[in-house]
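Take a look at the structure below.
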Amino acid sequence: MIQTRELTKRFKDVRAVDGLDLTVARGELVALLGPNGAGKSTTLRMLTTLIPPTSGSATVAGFDVVRQQREVRLRIGYIGQGNGAGHSQRGRDELISQGRAYGMGVRAARARAGELIDSLGLGEVADRTVSTLSGGQRRRLDIAMGLIHAPELLFLDEPSTGLDPQNRANLQEHIVRLRAEHGTTIVLTTHYLDEADSMAERVVVIDHGRIVADDTPRRLKAVHVGDRVILGFASESAAIEAARETGGTRHGAEVRITGEDGPRIAARSAVLGPISIEVVRPTLDDVFLTLTGTSLREGGAAELVEARS
Amino acid sequence: MTSLVTDTRVVFSRELRPVLRDPFSVIFSMVQPLFFLGLFAPLLPGDGSLQWFVPGIIVMSCLFGSSMTGSNLLFEIQTGSHERMLVTPLRRPALLIGRALKEIVPMFAQAALIVAVCVPFGFEPHLGGALLGLLILAGFCVGLGALSYTLALASKNKEWLFWTVQQTLLFPLLLLAGVLLPIENGPGWLQTLSKINPMTYVVSAERALFSGDVLARSTLEGLVAAVVVCGLGLAVGVRAMRRSD
């Protein structure tokens with residue numbers, strides 16, 4: 001569905017995207033994860049024909065993003081960071097205009113708009129001016145606009161930024177359902193770790209315009225960080241013995257063991273007679289920290305607090 | 001399959017819809033011309049002054065409305081709505097032409113309103129001439145609208161730039177076109193400046209046409225000025241829209 005080769009975007013001296021090679025198969029749900037400024041949005045903007053690459057190439061839905069822009073645009077849906085609907089417009093009008101923009105007839109566009117309004121729960125607000133809608137309602141309208149032509153490939157640029165936790169959960173549910181029902185290929189960017197973790201079966205970690213890891217969340221955690229098992233012992237001598245047996249590191253009466261399968265290590269360690277066992281599973285942030293030396297958590301957590309307040 | 005014409009129609013009707021949903025917005029955007037009509041026209045000497053003054057005010061109303069219209073696009077650039085249009089398969093020229101053509105509708109409504117307000121006070125428009133005058137004005141306002149959109153695209157992320165340029169150009173264009181007072185009695189340099197202002201010819205044409213003087217030289221000059229502004233506006237506008245991201 002998507003294939004990029006050495007895709008690069010330079011803004012003056014900055015390489016926002018630096019030689020990206022990315023392949024996405026039909027039906028995949030891929031999350032591009034990275035901090036602000038990592039090049040996620042720039043990548044998306046190139047793949048959606050909004051900006052031309054400085055060098056390299058990309059085919060999307062079978063067409064070149066530079067030479068066959070119209071073909072690409074006909075086949076993709078894109079939900080950007082901003083609000084797609086004009087503020088002086090009414091939601092339903094905008095949906096119909098969008099349908100018309102994709103070559104649908106008035107009647108077909110109107111019918112499709114009605115369907116989307118129902119399925120996204122916009123019935124009560126669809127005929128109000130967009131400027132009077134709440135943030136969550138506008139975001140759902142954005143999703144509806146991106147889906148008007150039932151695209152086979154959908155891009156979402158930070159779809160849940162600025163939404164409160166309930167609206168975020170709602171949105172994620174819609175995206176997952178969309179894929180289950182229509183087999184839509186979905187590429188989204190996010191800096192919310194839990195979002196990438198819970199929705200995507202494939203996470204592409206991007207930092208400084210490059211792909212630094214590309215795998216399932218589970219594998220990323222297992223390979224790059226691993227589970228940690230902490231065994232507590234009644235005495236240091238028991239801990240020394242256990243450390244020797246397991247190859248773990250000892251801190252006082254504690255032994256720490258790192259491995260891909262924490263629960264299994266814990267079960268095997270039971271024979272050593274620990275008085276406590278703790279299994280610590282890594283988060284994607286741990287993966288990120290290992291891969292890039294910086295934490296995503298600070299930015300993400302701060303925004304979560306903002307959204308709640 | 002779509003064509004440039006159907007694409008333009010989609011953009012045109014999208015732009016027009018808020019105006020149709022809320023027709024009063026047409027009146028709000030023309031309060032300034034109405035002030036000039038109510039508070040300035042009575043100061044003009046002579047009985048036939050309204051016949052001279054009103055066509056100029058119609059052009060003024062068109063200038064005010066069309067030159068501001070880019071602010072709508074500027075706002076849509078900021079909110080993300082313009083980006084939304086850019087990822088659709090709509091042809092780039094249609095995104096500009098459809099918007100610019102829409103300017104004709106509020107302009108016609110405003111012209112009709114101004115005429116309707118002035119007729120009871122002795123303004124006598126010549127129907128055929130007025131219709132031809134509106135046709136010329138349509139070309140002029142599409143050109144102005146396109147230039148305003150171009151300015152909006154150039155001012156992306158710099159809202160102050162749009163308003164600074166628009167406000168700086170607005171009054172020189174208006175005053176040098178002789179809308180408020182005749183230029184003929186002014187100093188030579190001012191007359192020269194007036195002659196390079198395309199709006200001057202549009203205003204002269206409208207005055208002659210609204211009085212029924214259809215086969216005048218001014219009609220042709222006004223038409224040429226309108227076509228030039230329209231062609232230039234669309235050319236630079238389409239170019240700017242193609243580069244928009």
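If you're wondering about the labels, chains in the structure tokens are A, B, ... by order shown, residues count from 1 in each chain, ligands from 1 in order shown.
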#### Entry: Distance filter 10 Å, only C-alpha atoms, chain A against chain B, as an NGL selection string
:A and (45 or 48-52 or 69-90 or 93-94 or 96-104 or 129 or 142 or 145-146)
Output file for the selection above: N, CA and C atoms, as a tab-separated table (two decimals), in the first residue's frame:
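Resulting contents of result_29.tsv:
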chain	number	residue	atom	x	y	z
A	45	ARG	N	2.86	14.26	5.45
A	45	ARG	CA	2.53	15.30	4.46
A	45	ARG	C	3.12	14.98	3.09
A	48	THR	N	0.89	12.15	1.61
A	48	THR	CA	-0.44	12.60	1.21
A	48	THR	C	-0.38	13.67	0.11
A	49	THR	N	0.77	13.86	-0.48
A	49	THR	CA	1.01	14.79	-1.60
A	49	THR	C	0.94	16.26	-1.20
A	50	LEU	N	0.91	16.56	0.09
A	50	LEU	CA	0.82	17.96	0.47
A	50	LEU	C	2.12	18.70	0.24
A	51	ILE	N	3.24	18.02	0.44
A	51	ILE	CA	4.53	18.64	0.14
A	51	ILE	C	5.38	17.65	-0.65
A	52	PRO	N	6.18	18.15	-1.59
A	52	PRO	CA	7.02	17.25	-2.37
A	52	PRO	C	8.28	16.87	-1.60
A	69	GLN	N	-0.21	12.73	-8.45
A	69	GLN	CA	-0.85	13.25	-7.23
A	69	GLN	C	-2.37	13.00	-7.21
A	70	ARG	N	-3.02	13.26	-8.33
A	70	ARG	CA	-4.47	13.11	-8.35
A	70	ARG	C	-4.90	11.68	-8.06
A	71	GLU	N	-4.17	10.73	-8.64
A	71	GLU	CA	-4.48	9.32	-8.42
A	71	GLU	C	-4.34	8.97	-6.94
A	72	VAL	N	-3.28	9.49	-6.34
A	72	VAL	CA	-3.07	9.24	-4.91
A	72	VAL	C	-4.20	9.87	-4.10
A	73	ARG	N	-4.49	11.13	-4.41
A	73	ARG	CA	-5.50	11.87	-3.63
A	73	ARG	C	-6.87	11.21	-3.70
A	74	LEU	N	-7.19	10.64	-4.84
A	74	LEU	CA	-8.49	9.98	-4.99
A	74	LEU	C	-8.63	8.78	-4.05
A	75	ARG	N	-7.50	8.17	-3.71
A	75	ARG	CA	-7.56	6.90	-2.99
A	75	ARG	C	-7.30	6.99	-1.49
A	76	ILE	N	-6.81	8.12	-1.05
A	76	ILE	CA	-6.46	8.21	0.37
A	76	ILE	C	-7.40	9.13	1.13
A	77	GLY	N	-7.50	8.88	2.42
A	77	GLY	CA	-8.16	9.81	3.31
A	77	GLY	C	-7.08	10.40	4.20
A	78	TYR	N	-7.26	11.65	4.60
A	78	TYR	CA	-6.24	12.27	5.45
A	78	TYR	C	-6.95	13.11	6.50
A	79	ILE	N	-6.59	12.86	7.74
A	79	ILE	CA	-7.14	13.66	8.81
A	79	ILE	C	-5.96	14.35	9.48
A	80	GLY	N	-5.84	15.64	9.20
A	80	GLY	CA	-4.68	16.41	9.66
A	80	GLY	C	-4.80	16.81	11.12
A	81	GLN	N	-3.83	17.61	11.56
A	81	GLN	CA	-3.85	18.03	12.96
A	81	GLN	C	-4.92	19.09	13.22
A	82	GLY	N	-5.23	19.87	12.20
A	82	GLY	CA	-6.22	20.94	12.37
A	82	GLY	C	-7.63	20.43	12.16
A	83	ASN	N	-8.58	21.37	12.09
A	83	ASN	CA	-9.97	21.01	11.82
A	83	ASN	C	-10.26	21.16	10.33
A	84	GLY	N	-10.77	20.09	9.75
A	84	GLY	CA	-11.02	20.09	8.31
A	84	GLY	C	-12.20	20.93	7.89
A	85	ALA	N	-13.18	21.05	8.76
A	85	ALA	CA	-14.40	21.76	8.37
A	85	ALA	C	-14.21	23.27	8.54
A	86	GLY	N	-14.68	24.02	7.56
A	86	GLY	CA	-14.65	25.48	7.65
A	86	GLY	C	-15.53	25.95	8.79
A	87	HIS	N	-15.06	26.92	9.56
A	87	HIS	CA	-15.80	27.30	10.77
A	87	HIS	C	-17.13	27.98	10.49
A	88	SER	N	-17.26	28.57	9.31
A	88	SER	CA	-18.53	29.24	9.01
A	88	SER	C	-19.51	28.29	8.32
A	89	GLN	N	-19.06	27.06	8.07
A	89	GLN	CA	-19.91	26.08	7.39
A	89	GLN	C	-20.71	25.27	8.40
A	90	ARG	N	-21.68	24.52	7.90
A	90	ARG	CA	-22.35	23.53	8.74
A	90	ARG	C	-21.74	22.17	8.43
A	93	ASP	N	-23.15	20.21	5.45
A	93	ASP	CA	-22.78	20.86	4.18
A	93	ASP	C	-21.34	20.52	3.81
A	94	GLU	N	-20.47	20.58	4.81
A	94	GLU	CA	-19.06	20.30	4.54
A	94	GLU	C	-18.86	18.86	4.09
A	96	ILE	N	-20.98	17.03	2.50
A	96	ILE	CA	-21.47	16.90	1.13
A	96	ILE	C	-20.46	17.53	0.16
A	97	SER	N	-19.95	18.71	0.52
A	97	SER	CA	-18.93	19.35	-0.34
A	97	SER	C	-17.74	18.42	-0.54
A	98	GLN	N	-17.32	17.78	0.57
A	98	GLN	CA	-16.19	16.87	0.47
A	98	GLN	C	-16.49	15.72	-0.48
A	99	GLY	N	-17.68	15.15	-0.35
A	99	GLY	CA	-18.07	14.07	-1.24
A	99	GLY	C	-18.03	14.52	-2.69
A	100	ARG	N	-18.54	15.73	-2.93
A	100	ARG	CA	-18.53	16.28	-4.29
A	100	ARG	C	-17.09	16.46	-4.77
A	101	ALA	N	-16.22	16.86	-3.86
A	101	ALA	CA	-14.81	17.06	-4.23
A	101	ALA	C	-14.17	15.76	-4.72
A	102	TYR	N	-14.70	14.64	-4.24
A	102	TYR	CA	-14.16	13.35	-4.67
A	102	TYR	C	-14.94	12.79	-5.86
A	103	GLY	N	-15.77	13.64	-6.46
A	103	GLY	CA	-16.46	13.24	-7.68
A	103	GLY	C	-17.78	12.52	-7.45
A	104	MET	N	-18.27	12.50	-6.21
A	104	MET	CA	-19.56	11.87	-5.96
A	104	MET	C	-20.70	12.78	-6.42
A	129	THR	N	-23.55	25.41	12.89
A	129	THR	CA	-22.31	25.98	12.36
A	129	THR	C	-21.14	25.35	13.09
A	142	ASP	N	-14.12	15.74	11.59
A	142	ASP	CA	-12.90	15.56	10.78
A	142	ASP	C	-12.78	14.13	10.29
A	145	MET	N	-15.18	13.52	7.57
A	145	MET	CA	-14.75	14.13	6.32
A	145	MET	C	-13.67	13.29	5.63
A	146	GLY	N	-12.80	12.73	6.45
A	146	GLY	CA	-11.73	11.90	5.88
A	146	GLY	C	-12.23	10.58	5.32
### Message
One decimal, in Å: what's the spacing between atom CA of B:Ala111 and atom CA of B:Phe35?
### Response
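Computing the Euclidean distance for atom CA of B:Ala111 and atom CA of B:Phe35 yields 14.7 Å.
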Within 12 Å of B:Phe28 using only C-alpha atoms, minus same-chain residues under 2 positions, as a PDB file with N, CA and C atoms, in the first residue's frame:
ATOM      1  N   VAL B  19     -22.951  32.103   2.798  1.00  0.00           N
ATOM      2  CA  VAL B  19     -23.621  33.362   2.438  1.00  0.00           C
ATOM      3  C   VAL B  19     -25.120  33.136   2.298  1.00  0.00           C
ATOM      4  N   ASP B  22     -26.751  32.522   5.624  1.00  0.00           N
ATOM      5  CA  ASP B  22     -26.819  33.705   6.473  1.00  0.00           C
ATOM      6  C   ASP B  22     -26.717  34.952   5.601  1.00  0.00           C
ATOM      7  N   PRO B  23     -27.804  35.306   4.888  1.00  0.00           N
ATOM      8  CA  PRO B  23     -27.743  36.396   3.904  1.00  0.00           C
ATOM      9  C   PRO B  23     -27.395  37.751   4.536  1.00  0.00           C
ATOM     10  N   PHE B  24     -27.613  37.872   5.832  1.00  0.00           N
ATOM     11  CA  PHE B  24     -27.328  39.161   6.460  1.00  0.00           C
ATOM     12  C   PHE B  24     -25.844  39.500   6.451  1.00  0.00           C
ATOM     13  N   SER B  25     -25.004  38.462   6.299  1.00  0.00           N
ATOM     14  CA  SER B  25     -23.564  38.720   6.252  1.00  0.00           C
ATOM     15  C   SER B  25     -23.222  39.645   5.085  1.00  0.00           C
ATOM     16  N   VAL B  26     -24.037  39.588   4.016  1.00  0.00           N
ATOM     17  CA  VAL B  26     -23.808  40.462   2.863  1.00  0.00           C
ATOM     18  C   VAL B  26     -23.980  41.925   3.268  1.00  0.00           C
ATOM     19  N   MET B  30     -21.090  45.541   4.023  1.00  0.00           N
ATOM     20  CA  MET B  30     -21.206  46.748   3.208  1.00  0.00           C
ATOM     21  C   MET B  30     -21.610  47.969   4.019  1.00  0.00           C
ATOM     22  N   VAL B  31     -21.407  47.920   5.341  1.00  0.00           N
ATOM     23  CA  VAL B  31     -21.817  49.064   6.156  1.00  0.00           C
ATOM     24  C   VAL B  31     -21.025  50.313   5.783  1.00  0.00           C
ATOM     25  N   GLN B  32     -19.727  50.148   5.471  1.00  0.00           N
ATOM     26  CA  GLN B  32     -18.915  51.334   5.160  1.00  0.00           C
ATOM     27  C   GLN B  32     -19.435  52.080   3.927  1.00  0.00           C
ATOM     28  N   PRO B  33     -19.660  51.377   2.808  1.00  0.00           N
ATOM     29  CA  PRO B  33     -20.237  52.088   1.657  1.00  0.00           C
ATOM     30  C   PRO B  33     -21.555  52.783   1.997  1.00  0.00           C
ATOM     31  N   LEU B  34     -22.349  52.133   2.855  1.00  0.00           N
ATOM     32  CA  LEU B  34     -23.627  52.760   3.221  1.00  0.00           C
ATOM     33  C   LEU B  34     -23.408  54.045   4.021  1.00  0.00           C
ATOM     34  N   PHE B  35     -22.372  54.044   4.857  1.00  0.00           N
ATOM     35  CA  PHE B  35     -22.043  55.277   5.593  1.00  0.00           C
ATOM     36  C   PHE B  35     -21.683  56.402   4.631  1.00  0.00           C
ATOM     37  N   SER B  61     -18.084  49.373  -2.858  1.00  0.00           N
ATOM     38  CA  SER B  61     -18.601  48.230  -2.122  1.00  0.00           C
ATOM     39  C   SER B  61     -17.950  46.945  -2.616  1.00  0.00           C
ATOM     40  N   PHE B  64     -14.284  46.918  -1.308  1.00  0.00           N
ATOM     41  CA  PHE B  64     -14.186  46.560   0.107  1.00  0.00           C
ATOM     42  C   PHE B  64     -14.419  45.063   0.314  1.00  0.00           C
ATOM     43  N   GLY B  65     -15.508  44.579  -0.265  1.00  0.00           N
ATOM     44  CA  GLY B  65     -15.867  43.169  -0.075  1.00  0.00           C
ATOM     45  C   GLY B  65     -14.812  42.231  -0.639  1.00  0.00           C
ATOM     46  N   PRO B 106     -22.258  38.119  -3.699  1.00  0.00           N
ATOM     47  CA  PRO B 106     -22.526  39.207  -2.753  1.00  0.00           C
ATOM     48  C   PRO B 106     -22.408  40.586  -3.396  1.00  0.00           C
ATOM     49  N   GLN B 110     -25.213  43.408  -3.152  1.00  0.00           N
ATOM     50  CA  GLN B 110     -24.929  44.722  -2.581  1.00  0.00           C
ATOM     51  C   GLN B 110     -25.281  45.837  -3.560  1.00  0.00           C
TER      52      GLN B 110
END
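Considering only C-alpha atoms, the residue among A:Arg244, A:Arg139, A:Ile148, A:Arg5 positioned nearest to A:Ala109 is A:Ile148.
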### Task
Within 10 Å of A:Pro282, counting only C-alpha atoms, which residues show up once you throw out same-chain ones fewer than 3 positions away? Write them as a list of chain:residue names, please.
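Surrounding residues, per the criterion: A:Arg218, A:Leu220, A:Lys221, A:Ala222, A:His224, A:Val225, A:Gly226, A:Asp227, A:Arg228, A:Val279, A:Asp285, A:Asp286, A:Val287.
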Only N, CA and C atoms, please: the residues just picked out, written as a PDB file, in the first residue's frame.
ATOM      1  N   ARG A 218       4.905  -5.511  21.299  1.00  0.00           N
ATOM      2  CA  ARG A 218       5.393  -6.596  22.142  1.00  0.00           C
ATOM      3  C   ARG A 218       6.843  -6.940  21.858  1.00  0.00           C
ATOM      4  N   LEU A 220       9.009  -5.089  20.234  1.00  0.00           N
ATOM      5  CA  LEU A 220       9.878  -3.944  20.500  1.00  0.00           C
ATOM      6  C   LEU A 220      10.318  -3.939  21.956  1.00  0.00           C
ATOM      7  N   LYS A 221       9.345  -4.214  22.829  1.00  0.00           N
ATOM      8  CA  LYS A 221       9.654  -4.203  24.268  1.00  0.00           C
ATOM      9  C   LYS A 221      10.552  -5.367  24.627  1.00  0.00           C
ATOM     10  N   ALA A 222      10.243  -6.520  24.077  1.00  0.00           N
ATOM     11  CA  ALA A 222      11.010  -7.712  24.418  1.00  0.00           C
ATOM     12  C   ALA A 222      12.451  -7.599  23.921  1.00  0.00           C
ATOM     13  N   HIS A 224      14.178  -4.795  22.699  1.00  0.00           N
ATOM     14  CA  HIS A 224      15.003  -3.633  23.017  1.00  0.00           C
ATOM     15  C   HIS A 224      15.160  -3.373  24.499  1.00  0.00           C
ATOM     16  N   VAL A 225      14.212  -3.828  25.300  1.00  0.00           N
ATOM     17  CA  VAL A 225      14.326  -3.583  26.735  1.00  0.00           C
ATOM     18  C   VAL A 225      14.261  -4.897  27.514  1.00  0.00           C
ATOM     19  N   GLY A 226      13.223  -5.653  27.277  1.00  0.00           N
ATOM     20  CA  GLY A 226      13.056  -6.898  28.018  1.00  0.00           C
ATOM     21  C   GLY A 226      12.349  -6.696  29.342  1.00  0.00           C
ATOM     22  N   ASP A 227      11.784  -7.781  29.858  1.00  0.00           N
ATOM     23  CA  ASP A 227      11.141  -7.725  31.172  1.00  0.00           C
ATOM     24  C   ASP A 227      12.220  -7.735  32.245  1.00  0.00           C
ATOM     25  N   ARG A 228      11.854  -7.202  33.396  1.00  0.00           N
ATOM     26  CA  ARG A 228      12.772  -7.261  34.527  1.00  0.00           C
ATOM     27  C   ARG A 228      12.084  -8.014  35.655  1.00  0.00           C
ATOM     28  N   VAL A 279       7.538  -8.746  38.682  1.00  0.00           N
ATOM     29  CA  VAL A 279       7.852  -8.716  37.257  1.00  0.00           C
ATOM     30  C   VAL A 279       7.533  -7.324  36.740  1.00  0.00           C
ATOM     31  N   ASP A 285       7.843   3.640  26.243  1.00  0.00           N
ATOM     32  CA  ASP A 285       8.751   4.730  26.599  1.00  0.00           C
ATOM     33  C   ASP A 285      10.136   4.201  26.946  1.00  0.00           C
ATOM     34  N   ASP A 286      10.154   3.041  27.625  1.00  0.00           N
ATOM     35  CA  ASP A 286      11.445   2.421  27.920  1.00  0.00           C
ATOM     36  C   ASP A 286      12.158   2.075  26.618  1.00  0.00           C
ATOM     37  N   VAL A 287      11.361   1.587  25.640  1.00  0.00           N
ATOM     38  CA  VAL A 287      11.929   1.268  24.336  1.00  0.00           C
ATOM     39  C   VAL A 287      12.512   2.527  23.722  1.00  0.00           C
TER      40      VAL A 287
END
Could you give me, as an mmCIF file with N, CA, C and O atoms, in the first residue's frame, the residues within 6 Å of stretch 54-63 of chain A, counting only C-alpha atoms and dropping anything in the same chain fewer than 5 positions from it?
data_model
loop_
_atom_site.group_PDB
_atom_site.id
_atom_site.type_symbol
_atom_site.label_atom_id
_atom_site.label_comp_id
_atom_site.auth_asym_id
_atom_site.auth_seq_id
_atom_site.Cartn_x
_atom_site.Cartn_y
_atom_site.Cartn_z
ATOM 1 N N MET A 1 0.821 -1.213 0.000
ATOM 2 C CA MET A 1 0.000 0.000 0.000
ATOM 3 C C MET A 1 0.861 1.273 0.000
ATOM 4 O O MET A 1 0.553 2.246 -0.660
ATOM 5 N N ILE A 2 1.936 1.195 0.780
ATOM 6 C CA ILE A 2 2.876 2.320 0.803
ATOM 7 C C ILE A 2 4.282 1.767 0.645
ATOM 8 O O ILE A 2 4.633 0.758 1.270
ATOM 9 N N GLN A 3 5.055 2.414 -0.195
ATOM 10 C CA GLN A 3 6.458 2.030 -0.296
ATOM 11 C C GLN A 3 7.289 3.296 -0.504
ATOM 12 O O GLN A 3 7.058 4.037 -1.459
ATOM 13 N N THR A 4 8.201 3.547 0.394
ATOM 14 C CA THR A 4 9.069 4.707 0.214
ATOM 15 C C THR A 4 10.506 4.239 0.070
ATOM 16 O O THR A 4 10.896 3.209 0.630
ATOM 17 N N ARG A 5 11.250 4.988 -0.708
ATOM 18 C CA ARG A 5 12.666 4.665 -0.876
ATOM 19 C C ARG A 5 13.488 5.915 -0.645
ATOM 20 O O ARG A 5 13.314 6.908 -1.347
ATOM 21 N N GLU A 6 14.317 5.882 0.370
ATOM 22 C CA GLU A 6 15.232 7.002 0.656
ATOM 23 C C GLU A 6 14.473 8.338 0.728
ATOM 24 O O GLU A 6 14.984 9.362 0.285
ATOM 25 N N LEU A 7 13.253 8.286 1.224
ATOM 26 C CA LEU A 7 12.412 9.490 1.248
ATOM 27 C C LEU A 7 13.039 10.542 2.166
ATOM 28 O O LEU A 7 13.312 10.274 3.343
ATOM 29 N N THR A 8 13.266 11.721 1.608
ATOM 30 C CA THR A 8 13.974 12.759 2.350
ATOM 31 C C THR A 8 13.294 14.106 2.168
ATOM 32 O O THR A 8 12.869 14.452 1.079
ATOM 33 N N LYS A 9 13.181 14.853 3.262
ATOM 34 C CA LYS A 9 12.691 16.224 3.169
ATOM 35 C C LYS A 9 13.616 17.127 3.951
ATOM 36 O O LYS A 9 13.870 16.908 5.137
ATOM 37 N N GLN A 68 1.899 11.400 -9.806
ATOM 38 C CA GLN A 68 0.494 10.997 -9.961
ATOM 39 C C GLN A 68 -0.338 11.444 -8.766
ATOM 40 O O GLN A 68 -1.063 10.660 -8.158
ATOM 41 N N VAL A 72 -3.278 9.487 -6.337
ATOM 42 C CA VAL A 72 -3.066 9.237 -4.911
ATOM 43 C C VAL A 72 -4.196 9.872 -4.103
ATOM 44 O O VAL A 72 -4.819 9.224 -3.257
#
### Message
Which residue is closest to B:Leu63? Choose from B:Ile104, B:Leu209, B:Phe12, B:Lys195 and count only C-alpha atoms.
### Response
B:Ile104
### Query
What is the atom CA of A:Arg67 to atom CA of A:Thr185 distance in Å?
22.4 Å
### Message
Please return, as a VMD selection string, all residues of stretch 72-223 of chain B that DSSP assigns to alpha helix (DSSP H) on the basis of the backbone.
### Response
chain B and resid 72 to 79 81 to 86 92 to 102 104 to 118 127 to 154 159 to 176 188 to 195 198 to 210 217 to 223
